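Engineer: Got a structure for you, query.cif, holding mmCIF, C-alpha atoms.
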```cif
data_target
loop_
_atom_site.label_atom_id
_atom_site.label_comp_id
_atom_site.auth_asym_id
_atom_site.auth_seq_id
_atom_site.Cartn_x
_atom_site.Cartn_y
_atom_site.Cartn_z
CA MET U 1 56.75 135.56 -24.42
CA HIS U 2 54.91 136.81 -27.45
CA GLN U 3 52.31 134.32 -28.66
CA SER U 4 51.29 134.30 -32.29
CA VAL U 5 47.62 134.93 -32.79
CA VAL U 6 45.82 132.91 -35.41
CA PRO U 7 43.72 135.30 -37.52
CA GLY U 8 40.01 134.71 -37.39
CA PRO U 9 38.08 133.60 -40.43
CA GLN U 10 37.42 136.32 -42.94
CA ALA U 11 33.93 137.53 -43.82
CA PHE U 12 33.87 135.63 -47.09
CA GLU U 13 34.78 132.40 -45.23
CA LEU U 14 31.89 132.88 -42.79
CA GLU U 15 29.50 133.58 -45.66
CA ALA U 16 30.63 130.45 -47.51
CA HIS U 17 30.26 128.39 -44.30
CA LEU U 18 26.76 129.77 -43.79
CA ARG U 19 25.69 128.84 -47.34
CA LEU U 20 27.14 125.35 -46.89
CA LYS U 21 25.29 124.86 -43.59
CA ARG U 22 21.95 125.96 -45.07
CA ARG U 23 22.39 123.63 -48.03
CA GLY U 24 23.24 120.78 -45.62
CA PHE U 25 20.03 121.36 -43.64
CA ALA U 26 17.92 121.40 -46.81
CA VAL U 27 19.53 118.25 -48.26
CA SER U 28 19.14 116.40 -44.95
CA ALA U 29 15.45 117.29 -44.80
CA GLY U 30 14.96 115.94 -48.32
CA VAL U 31 16.75 112.68 -47.47
CA LEU U 32 14.55 112.21 -44.39
CA LEU U 33 11.37 112.57 -46.45
CA LEU U 34 12.66 110.16 -49.10
CA SER U 35 13.54 107.63 -46.38
CA LEU U 36 9.81 107.15 -45.68
CA ALA U 37 9.63 104.94 -48.78
CA THR U 38 12.29 102.59 -47.33
CA HIS U 39 10.38 101.71 -44.14
CA PRO U 40 8.95 98.42 -45.43
CA LEU U 41 12.43 97.26 -46.46
CA LEU U 42 14.13 98.44 -43.27
CA PHE U 43 11.52 97.54 -40.64
CA GLY U 44 9.43 94.92 -42.48
CA ALA U 45 6.35 97.17 -42.36
CA PHE U 46 5.38 100.84 -42.47
CA VAL U 47 5.78 102.39 -38.99
CA PRO U 48 3.47 105.45 -38.62
CA GLU U 49 5.22 106.71 -35.48
CA VAL U 50 8.60 106.78 -37.26
CA ALA U 51 7.01 108.51 -40.26
CA LEU U 52 5.65 111.25 -38.00
CA VAL U 53 9.06 111.65 -36.35
CA HIS U 54 10.75 111.97 -39.74
CA VAL U 55 8.24 114.52 -41.01
CA GLY U 56 8.70 116.62 -37.87
CA TRP U 57 12.47 116.19 -38.07
CA ALA U 58 12.51 117.34 -41.72
CA ALA U 59 10.34 120.36 -40.85
CA ILE U 60 12.78 121.40 -38.12
CA LEU U 61 15.73 121.13 -40.55
CA VAL U 62 13.92 123.19 -43.21
CA ALA U 63 13.17 125.85 -40.60
CA ALA U 64 16.84 125.81 -39.57
CA ALA U 65 17.89 126.32 -43.21
CA LEU U 66 15.61 129.38 -43.43
CA VAL U 67 16.54 131.13 -40.18
CA THR U 68 20.23 130.27 -39.82
CA GLY U 69 22.31 133.43 -40.00
CA ALA U 70 19.64 135.72 -38.56
CA SER U 71 20.66 137.95 -35.65
CA TRP U 72 18.75 135.74 -33.18
CA MET U 73 19.90 132.45 -34.77
CA PRO U 74 23.67 132.52 -35.34
CA LEU U 75 25.39 129.61 -36.99
CA GLN U 76 26.65 128.06 -33.76
CA ARG U 77 23.20 128.06 -32.13
CA ALA U 78 21.55 126.60 -35.24
CA SER U 79 24.09 123.75 -35.34
CA THR U 80 23.62 122.94 -31.67
CA LEU U 81 19.80 123.00 -31.76
CA SER U 82 19.62 120.90 -34.94
CA GLY U 83 21.96 118.37 -33.31
CA VAL U 84 19.77 118.15 -30.20
CA PHE U 85 16.59 117.68 -32.24
CA SER U 86 18.30 115.10 -34.45
CA LEU U 87 19.42 113.08 -31.43
CA ALA U 88 15.92 113.23 -29.96
CA ALA U 89 14.44 112.08 -33.28
CA ILE U 90 16.89 109.15 -33.57
CA ALA U 91 16.14 108.14 -29.97
CA LEU U 92 12.41 108.10 -30.76
CA ASP U 93 13.03 106.08 -33.94
CA ILE U 94 15.02 103.50 -31.95
CA HIS U 95 12.32 103.35 -29.24
CA PHE U 96 9.52 102.79 -31.81
CA THR U 97 11.48 100.14 -33.76
CA GLY U 98 12.67 97.72 -31.08
CA GLY U 99 15.21 99.34 -28.79
CA LEU U 100 18.53 97.43 -28.74
CA SER U 101 17.33 95.21 -31.60
CA SER U 102 16.37 98.19 -33.79
CA PRO U 103 18.33 98.42 -37.05
CA LEU U 104 18.73 102.14 -36.26
CA PHE U 105 20.57 101.59 -32.96
CA PRO U 106 24.09 101.67 -34.59
CA LEU U 107 23.32 105.26 -35.69
CA LEU U 108 23.90 106.37 -32.10
CA PHE U 109 27.52 105.21 -32.33
CA ALA U 110 27.96 106.98 -35.64
CA MET U 111 26.48 110.30 -34.49
CA PRO U 112 29.80 111.87 -33.26
CA LEU U 113 31.45 110.95 -36.58
CA ILE U 114 28.50 112.36 -38.56
CA ILE U 115 28.64 115.63 -36.59
CA ALA U 116 32.44 115.82 -37.01
CA VAL U 117 32.01 115.47 -40.79
CA PHE U 118 29.15 117.95 -41.17
CA THR U 119 30.50 120.52 -38.67
CA PRO U 120 34.31 120.19 -39.01
CA GLY U 121 36.20 122.12 -36.39
CA ASP U 122 33.04 122.94 -34.38
CA LEU U 123 34.14 121.30 -31.12
CA ILE U 124 31.33 122.82 -29.02
CA THR U 125 28.62 121.18 -31.11
CA LEU U 126 30.63 117.95 -31.23
CA TRP U 127 31.01 117.73 -27.43
CA ALA U 128 27.34 118.54 -26.93
CA THR U 129 26.45 115.75 -29.38
CA ILE U 130 28.74 113.28 -27.58
CA VAL U 131 27.21 114.02 -24.17
CA LEU U 132 23.62 113.86 -25.42
CA THR U 133 24.28 110.73 -27.48
CA LEU U 134 25.98 109.04 -24.54
CA VAL U 135 22.85 109.71 -22.48
CA GLY U 136 20.75 108.30 -25.34
CA VAL U 137 22.87 105.11 -25.58
CA VAL U 138 22.63 104.46 -21.83
CA ALA U 139 18.88 105.22 -21.78
CA ALA U 140 18.10 103.09 -24.83
CA THR U 141 20.11 100.14 -23.48
CA TRP U 142 18.60 100.42 -20.01
CA LEU U 143 15.01 100.88 -21.22
CA SER U 144 15.38 97.87 -23.53
CA GLY U 145 16.18 95.67 -20.54
CA GLY U 146 19.89 95.42 -21.16
CA SER U 147 22.15 94.18 -18.39
CA GLU U 148 24.78 96.25 -16.65
CA ARG U 149 27.46 94.47 -18.68
CA GLN U 150 25.68 95.38 -21.92
CA VAL U 151 25.42 99.02 -20.82
CA ILE U 152 29.18 99.13 -20.07
CA GLY U 153 29.99 97.47 -23.41
CA GLN U 154 27.81 99.88 -25.38
CA VAL U 155 29.29 102.88 -23.53
CA THR U 156 32.87 101.66 -24.16
CA VAL U 157 32.30 101.26 -27.91
CA PHE U 158 30.60 104.64 -28.07
CA LEU U 159 33.42 106.39 -26.19
CA PHE U 160 35.96 104.93 -28.63
CA MET U 161 33.95 106.29 -31.58
CA ALA U 162 33.59 109.63 -29.76
CA TRP U 163 37.37 109.82 -29.22
CA ILE U 164 37.93 109.29 -32.95
CA ALA U 165 35.44 112.07 -33.73
CA VAL U 166 37.05 114.52 -31.25
CA PHE U 167 40.56 113.72 -32.47
CA GLY U 168 39.46 114.24 -36.10
CA GLY U 169 37.75 117.53 -35.21
CA LYS U 170 40.84 118.86 -33.44
CA LEU U 171 43.05 117.71 -36.28
CA PHE U 172 40.85 119.49 -38.84
CA ARG U 173 40.85 122.65 -36.74
CA ARG U 174 44.63 122.56 -36.40
CA MET U 175 45.03 122.05 -40.15
CA ARG U 176 42.64 124.93 -40.87
CA ASP U 177 44.50 127.25 -38.51
CA THR U 178 47.84 126.19 -39.97
CA GLU U 179 46.59 126.86 -43.48
CA ARG U 180 45.30 130.28 -42.42
CA GLU U 181 48.66 131.08 -40.80
CA ALA U 182 50.44 130.01 -43.98
CA VAL U 183 48.21 132.28 -46.08
CA GLN U 184 48.87 135.20 -43.74
CA ALA U 185 52.62 134.47 -43.82
CA ARG U 186 52.59 134.42 -47.63
CA LEU U 187 50.70 137.71 -47.72
CA SER U 188 53.16 139.22 -45.26
CA VAL U 189 56.14 138.04 -47.33
CA LEU U 190 54.56 139.40 -50.52
CA GLU U 191 53.93 142.74 -48.81
CA ARG U 192 57.57 142.91 -47.65
CA LEU U 193 58.75 142.01 -51.14
CA ALA U 194 56.58 144.74 -52.64
CA HIS U 195 57.96 147.23 -50.10
CA SER U 196 61.52 146.14 -50.89
CA GLU U 197 60.84 146.52 -54.61
CA ARG U 198 59.50 150.03 -54.04
CA LEU U 199 62.61 150.91 -52.05
CA ARG U 200 64.83 149.43 -54.77
CA VAL U 201 63.05 151.42 -57.49
CA ASP U 202 63.30 154.61 -55.41
CA ALA U 203 67.00 154.02 -54.76
CA GLU U 204 67.61 153.31 -58.42
CA ARG U 205 65.79 156.48 -59.44
CA SER U 206 67.76 158.50 -56.88
CA ARG U 207 71.00 157.01 -58.14
CA ALA U 208 70.12 157.87 -61.74
CA GLU U 209 69.10 161.41 -60.78
CA MET U 210 72.31 161.89 -58.81
CA GLU U 211 74.42 160.84 -61.79
CA ARG U 212 72.38 163.00 -64.14
CA LEU U 213 72.84 166.06 -61.91
CA ALA U 214 76.54 165.22 -61.62
CA LEU U 215 76.75 165.35 -65.42
CA VAL U 216 75.03 168.74 -65.37
CA GLY U 217 77.59 169.87 -62.81
CA ARG U 218 80.41 168.77 -65.10
CA LEU U 219 78.85 170.96 -67.81
CA ALA U 220 78.45 174.03 -65.57
CA ALA U 221 81.70 175.83 -66.50
CA GLY U 222 81.12 175.21 -70.21
CA VAL U 223 77.51 176.36 -69.92
CA ALA U 224 78.64 179.66 -68.40
CA HIS U 225 81.11 180.15 -71.26
CA GLU U 226 78.58 179.16 -73.95
CA VAL U 227 75.95 181.51 -72.54
CA ASN U 228 78.36 184.39 -72.03
CA ASN U 229 79.56 184.40 -75.65
CA PRO U 230 76.15 184.98 -77.32
CA LEU U 231 75.10 187.11 -74.37
CA ALA U 232 78.09 189.43 -74.99
CA TYR U 233 77.30 190.11 -78.60
CA VAL U 234 73.56 190.35 -77.86
CA LYS U 235 74.41 193.08 -75.36
CA SER U 236 76.79 194.73 -77.83
CA ASN U 237 74.24 194.59 -80.65
CA LEU U 238 71.52 196.10 -78.47
CA GLY U 239 73.87 198.99 -77.60
CA TYR U 240 74.66 199.47 -81.27
CA LEU U 241 70.96 199.51 -82.18
CA GLY U 242 70.35 202.07 -79.46
CA ASP U 243 72.92 204.35 -81.09
CA VAL U 244 71.76 203.70 -84.67
CA ILE U 245 68.13 204.67 -84.15
CA GLU U 246 69.28 208.18 -83.21
CA ASP U 247 70.77 208.69 -86.71
CA ALA U 248 68.78 210.77 -89.16
CA ALA U 249 69.06 208.13 -91.92
CA PRO U 250 69.82 204.73 -90.34
CA ASP U 251 71.06 201.86 -92.53
CA LEU U 252 68.06 199.50 -92.49
CA GLU U 253 70.01 196.60 -94.02
CA GLU U 254 72.63 196.85 -91.30
CA ILE U 255 69.91 197.02 -88.64
CA ARG U 256 68.31 193.89 -90.10
CA ARG U 257 71.65 192.04 -90.01
CA VAL U 258 72.28 193.05 -86.41
CA LEU U 259 68.79 191.94 -85.39
CA GLU U 260 69.32 188.54 -87.03
CA GLU U 261 72.62 188.09 -85.16
CA THR U 262 70.92 189.09 -81.92
CA GLN U 263 68.09 186.65 -82.54
CA GLN U 264 70.57 183.83 -83.22
CA GLY U 265 72.35 184.58 -79.95
CA VAL U 266 69.09 184.51 -78.00
CA LEU U 267 68.07 181.24 -79.68
CA ARG U 268 71.45 179.70 -78.78
CA ILE U 269 70.98 180.64 -75.13
CA GLN U 270 67.40 179.34 -75.23
CA GLN U 271 68.56 176.02 -76.75
CA ILE U 272 71.20 175.54 -74.03
CA VAL U 273 68.70 176.24 -71.25
CA THR U 274 66.02 174.02 -72.85
CA ASP U 275 68.42 171.08 -73.24
CA LEU U 276 69.64 171.38 -69.66
CA ARG U 277 66.12 171.61 -68.25
CA ARG U 278 64.97 168.63 -70.30
CA PHE U 279 67.96 166.55 -69.24
CA SER U 280 67.99 167.40 -65.53
CA ARG U 281 64.28 167.46 -64.72
CA ASP U 282 63.08 164.97 -62.11
CA SER U 283 60.44 162.98 -63.96
CA ALA U 284 59.85 159.31 -64.73
CA ASP U 285 60.93 158.26 -68.21
CA ALA U 286 57.93 156.45 -69.68
CA GLU U 287 59.58 156.01 -73.09
CA GLU U 288 60.32 152.47 -74.21
CA ALA U 289 61.92 153.32 -77.55
CA CYS U 290 63.57 156.26 -79.26
CA GLY U 291 65.20 157.44 -82.44
CA VAL U 292 69.01 157.24 -82.30
CA VAL U 293 69.59 160.33 -84.43
CA ASP U 294 67.44 162.55 -82.18
CA ALA U 295 69.19 161.27 -79.04
CA LEU U 296 72.66 161.80 -80.55
CA ASP U 297 71.72 165.36 -81.57
CA GLU U 298 70.58 166.20 -78.04
CA ALA U 299 73.61 164.58 -76.39
CA GLU U 300 76.02 166.38 -78.73
CA ARG U 301 74.35 169.74 -78.10
CA LEU U 302 74.68 169.23 -74.36
CA ALA U 303 78.30 168.08 -74.64
CA SER U 304 79.23 170.94 -76.99
CA VAL U 305 79.58 173.34 -74.05
CA ARG U 306 82.50 171.17 -72.89
CA LEU U 307 83.87 169.95 -76.23
CA ARG U 308 83.86 173.18 -78.25
CA SER U 309 87.03 174.50 -76.57
CA LEU U 310 88.94 171.18 -76.84
CA GLY U 311 88.66 170.23 -80.49
CA GLN U 312 86.26 168.64 -82.91
CA VAL U 313 83.54 166.00 -82.79
CA VAL U 314 83.37 163.96 -85.98
CA ARG U 315 79.97 162.44 -86.81
CA GLU U 316 79.78 159.27 -88.86
CA VAL U 317 76.09 158.55 -88.40
CA GLU U 318 73.86 156.85 -90.96
CA PRO U 319 70.77 158.98 -91.61
CA ASP U 320 67.90 156.45 -91.32
CA LEU U 321 68.70 154.36 -88.27
CA SER U 322 65.95 152.19 -86.80
CA ARG U 323 64.42 152.99 -83.43
CA VAL U 324 65.95 151.18 -80.45
CA ARG U 325 64.58 149.69 -77.23
CA LEU U 326 65.77 152.43 -74.87
CA GLY U 327 64.14 155.65 -73.73
CA GLN U 328 65.59 158.81 -75.27
CA ARG U 329 66.42 160.32 -71.90
CA GLN U 330 68.49 157.27 -70.94
CA LEU U 331 70.23 157.06 -74.32
CA VAL U 332 71.10 160.77 -74.11
CA GLN U 333 72.54 160.17 -70.63
CA VAL U 334 74.65 157.25 -71.87
CA VAL U 335 76.05 159.11 -74.90
CA LEU U 336 76.61 162.34 -72.95
CA ASN U 337 78.52 160.42 -70.28
CA LEU U 338 80.76 158.82 -72.90
CA LEU U 339 81.37 162.15 -74.68
CA LEU U 340 82.33 163.92 -71.45
CA ASN U 341 84.60 161.03 -70.43
CA ALA U 342 86.24 161.26 -73.84
CA ALA U 343 86.73 165.02 -73.33
CA ASP U 344 88.29 164.41 -69.89
CA ALA U 345 90.60 161.74 -71.36
CA VAL U 346 91.87 164.06 -74.09
CA ASP U 347 92.13 167.04 -71.75
CA SER U 348 94.36 165.11 -69.32
CA ALA U 349 96.51 163.45 -72.01
CA GLN U 350 100.25 164.16 -72.15
CA PRO U 351 101.59 165.65 -74.27
CA PRO U 352 98.63 168.02 -74.82
CA ARG U 353 96.74 167.55 -78.09
CA ALA U 354 93.66 168.80 -79.90
CA ALA U 355 90.68 166.56 -79.27
CA ARG U 356 89.30 164.40 -82.00
CA ILE U 357 86.23 162.54 -80.80
CA VAL U 358 84.37 160.35 -83.27
CA LEU U 359 80.68 159.62 -82.82
CA ARG U 360 79.86 156.70 -85.11
CA ALA U 361 76.51 154.89 -85.59
CA ARG U 362 75.40 152.36 -88.14
CA GLU U 363 72.72 149.73 -88.64
CA GLU U 364 73.63 146.11 -87.92
CA GLN U 365 71.72 142.87 -87.57
CA GLY U 366 69.24 143.13 -84.70
CA GLY U 367 69.85 146.76 -83.88
CA VAL U 368 72.24 149.72 -84.02
CA ARG U 369 75.98 149.76 -83.34
CA LEU U 370 77.17 152.97 -81.70
CA GLU U 371 80.80 153.91 -81.04
CA VAL U 372 82.38 156.80 -79.14
CA GLU U 373 86.08 157.05 -79.94
CA ASP U 374 88.73 159.48 -78.62
CA ASN U 375 92.40 160.19 -79.23
CA GLY U 376 93.38 160.40 -75.59
CA ALA U 377 96.00 158.35 -73.75
CA GLY U 378 93.83 155.22 -73.47
CA ILE U 379 92.79 153.29 -70.37
CA PRO U 380 95.41 151.48 -68.21
CA GLU U 381 94.98 147.69 -68.15
CA ALA U 382 94.54 147.67 -64.35
CA VAL U 383 91.66 150.14 -64.67
CA LEU U 384 90.10 148.47 -67.72
CA ALA U 385 88.94 145.40 -65.75
CA ARG U 386 87.11 147.53 -63.13
CA LEU U 387 85.83 150.35 -65.31
CA PHE U 388 82.13 149.38 -65.07
CA GLU U 389 82.11 148.66 -61.32
CA PRO U 390 79.74 150.92 -59.31
CA PHE U 391 81.54 153.69 -57.39
CA PHE U 392 84.89 152.96 -59.05
CA THR U 393 86.47 156.12 -60.46
CA THR U 394 89.93 157.37 -61.34
CA LYS U 395 88.87 161.01 -61.10
CA ALA U 396 89.85 163.28 -58.25
CA PRO U 397 87.42 163.66 -55.32
CA GLY U 398 84.47 165.80 -56.32
CA LYS U 399 85.06 165.19 -60.03
CA GLY U 400 83.05 161.98 -60.43
CA THR U 401 80.60 159.67 -58.64
CA GLY U 402 81.81 156.35 -60.03
CA LEU U 403 78.25 155.58 -61.13
CA GLY U 404 78.25 156.86 -64.70
CA LEU U 405 79.58 153.87 -66.64
CA ALA U 406 77.92 151.36 -64.28
CA LEU U 407 74.53 152.98 -64.92
CA CYS U 408 75.19 153.13 -68.67
CA ARG U 409 75.83 149.39 -68.81
CA GLU U 410 72.82 148.69 -66.56
CA TYR U 411 70.48 150.70 -68.80
CA LEU U 412 71.60 148.74 -71.84
CA ALA U 413 71.51 145.35 -70.09
CA ARG U 414 67.84 145.86 -69.16
CA VAL U 415 66.82 146.04 -72.81
CA GLY U 416 69.21 143.34 -74.03
CA GLY U 417 71.97 145.69 -75.15
CA THR U 418 75.70 145.69 -74.41
CA LEU U 419 78.42 148.22 -73.62
CA SER U 420 82.13 147.39 -73.95
CA VAL U 421 85.42 149.26 -74.17
CA ALA U 422 88.80 148.65 -75.76
CA ASN U 423 91.98 150.64 -76.30
CA ARG U 424 92.73 151.69 -79.88
CA PRO U 425 96.07 150.56 -81.37
CA GLU U 426 96.82 154.13 -82.45
CA GLY U 427 96.00 155.51 -78.99
CA GLY U 428 92.85 156.46 -77.14
CA ALA U 429 89.82 154.36 -76.29
CA CYS U 430 86.69 153.24 -78.06
CA PHE U 431 83.38 152.51 -76.30
CA THR U 432 81.05 150.26 -78.30
CA LEU U 433 77.30 149.98 -77.70
CA HIS U 434 74.87 147.53 -79.22
CA LEU U 435 71.31 148.87 -79.06
CA PRO U 436 68.60 146.29 -79.91
CA SER U 437 65.91 147.38 -82.34
CA ALA U 438 62.51 148.35 -80.96
CA PRO U 439 59.56 145.98 -81.59
CA ALA U 440 57.46 146.41 -84.71
CA ALA U 441 54.82 148.33 -82.71
CA THR U 442 57.32 151.17 -82.41
CA ALA U 443 58.52 151.08 -86.01
CA PRO U 444 61.01 153.66 -87.31
CA GLU U 445 59.74 157.19 -87.76
CA THR U 446 60.95 160.10 -89.87
CA HIS U 447 63.49 162.14 -87.85
CA THR U 448 64.08 165.84 -88.21
CA ASN U 449 67.21 167.36 -86.76
CA PRO U 450 66.53 170.41 -84.58
CA SER U 451 68.07 173.64 -85.73
#
```
Show me this structure written as structure tokens.

Structural biologist:
Amino acid sequence: MHQSVVPGPQAFELEAHLRLKRRGFAVSAGVLLLSLATHPLLFGAFVPEVALVHVGWAAILVAAALVTGASWMPLQRASTLSGVFSLAAIALDIHFTGGLSSPLFPLLFAMPLIIAVFTPGDLITLWATIVLTLVGVVAATWLSGGSERQVIGQVTVFLFMAWIAVFGGKLFRRMRDTEREAVQARLSVLERLAHSERLRVDAERSRAEMERLALVGRLAAGVAHEVNNPLAYVKSNLGYLGDVIEDAAPDLEEIRRVLEETQQGVLRIQQIVTDLRRFSRDSADAEEACGVVDALDEAERLASVRLRSLGQVVREVEPDLSRVRLGQRQLVQVVLNLLLNAADAVDSAQPPRAARIVLRAREEQGGVRLEVEDNGAGIPEAVLARLFEPFFTTKAPGKGTGLGLALCREYLARVGGTLSVANRPEGGACFTLHLPSAPAATAPETHTNPS
């Protein structure tokens, strides 16, 4: 059976224990020297022999305070030797002050308790003190002419006090070990929690990246079409320019016009590639706030490769909207998801119709209200209740992950926003977002729409 191992004391605990032990030795030496002034009160007269014992005893304790912790004087050895010298000094004090009638004799019974208090948990020193003190009690009683009955009585009382000291020492040691185990258990739990949090963050990032790449996949066919169109007339214009430069008197104005058209085509291709790379790159979004107008522009440019062939996108966006508490990359993902869903809804509607998707944004108390509205067939009531559930989708296999709307709502919920949906009375659906305003530290900035 596996037995749990109690971790040993850490280095800082040993250092603290060592400092405490040295201070205890020094304080005890000072008390012994001060006790010389109490001899007349305690013994009725000054006792030179006891004074010499106390001076020697104090010197030994001062030396112990100085050398404890050295390689040749570890803490355990210093405690044991100081205990032996202390017992010898007390025995001499008792011998010089009257034996059994000495006012110091009760100190022998208290020695195990004193050691248990000053060296808690140090059972080796405690047992050594008990054995040596027991010898001292028997010797002091016998040398003072005590009877056998007195010796037995003194030994019995001492053993009772010794049992209390041993029990207290074991109890302290058990409590110390239990506390250390509890600390280690807390550290282990905190480490597991930190590991779980790292796994959760990694899984969340992977889920977001998977949905983002799925959106890029949904744009792939439109991207090919949008790139091919400008690419075709760029190719045609370059062929035309190749023919024109062979003329004796080329029309410079016509050449300039063709070059401008070619440049516009190249810029359109560059914009599509730049938007896709920005949107699909695998990097942490450190933004905490963004401008709504900039995010809507980027989302609409990305969605245009899918929407251009279906119909029109109507913008009803106020020009100077405040910044909101959501990173631009996440807001672009939310709006792009809603625009593509709107395109799918219109595309699958029966009878077929031209798409009319409205992108509406206006300032409201506490933030910005954003709506994405379509003229599709609407959302069935049975689907409406489960629309934001993770992995729930009505699309055919391979057409959707079921994560898009769930992630959109989660992004907004983290910053105190909301996302809801309702069917329009005249047909189609309307998704409504409330985006809370960013704190004052990220106050609104001047926005410029990219060309």

Engineer: Go through U:Arg360, U:Leu307, U:Gly56, U:Val332 one by one, measure the shortest atom-to-atom distance of each to U:Pro319 using only C-alpha atoms, and give the residue with the smallest value.

Structural biologist: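 Checking each of U:Arg360, U:Leu307, U:Gly56, U:Val332 against U:Pro319, counting only C-alpha atoms, the winner is U:Arg360.
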
Engineer: Give me the residues near U:Leu18 as a list in words, where near means some atom within 10 Å (using only C-alpha atoms) and where sequence neighbours in that chain fewer than 6 positions away do not count.

Structural biologist: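 The residues satisfying every condition are Phe12, Gly24, Ala65, Thr68, Gly69, Pro74 and Leu75 of chain U.
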
Engineer: Between U:Ala406, U:Leu435, U:Cys430, U:Ala361, which is the closest to U:Leu339 once you count only C-alpha atoms?

Structural biologist: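 Using only C-alpha atoms, U:Leu339 sits closest to U:Cys430.
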
Engineer: By how many Å are atom CA of U:Ala37 and atom CA of U:Ala78 apart?

Structural biologist: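 So the two atoms, atom CA of U:Ala37 and atom CA of U:Ala78, lie 28.2 Å apart.
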
Engineer: Where does the PyMOL selection byres ((chain U and resi 289) around 9) land in this file, that is, which residues does it pick, as a list in words?

Structural biologist: Glu287, Glu288, Cys290, Gly291, Arg323, Val324, Arg325, Leu326, Gly327, Gln328, Ser437, Ala438, Pro439 and Thr442 of chain U
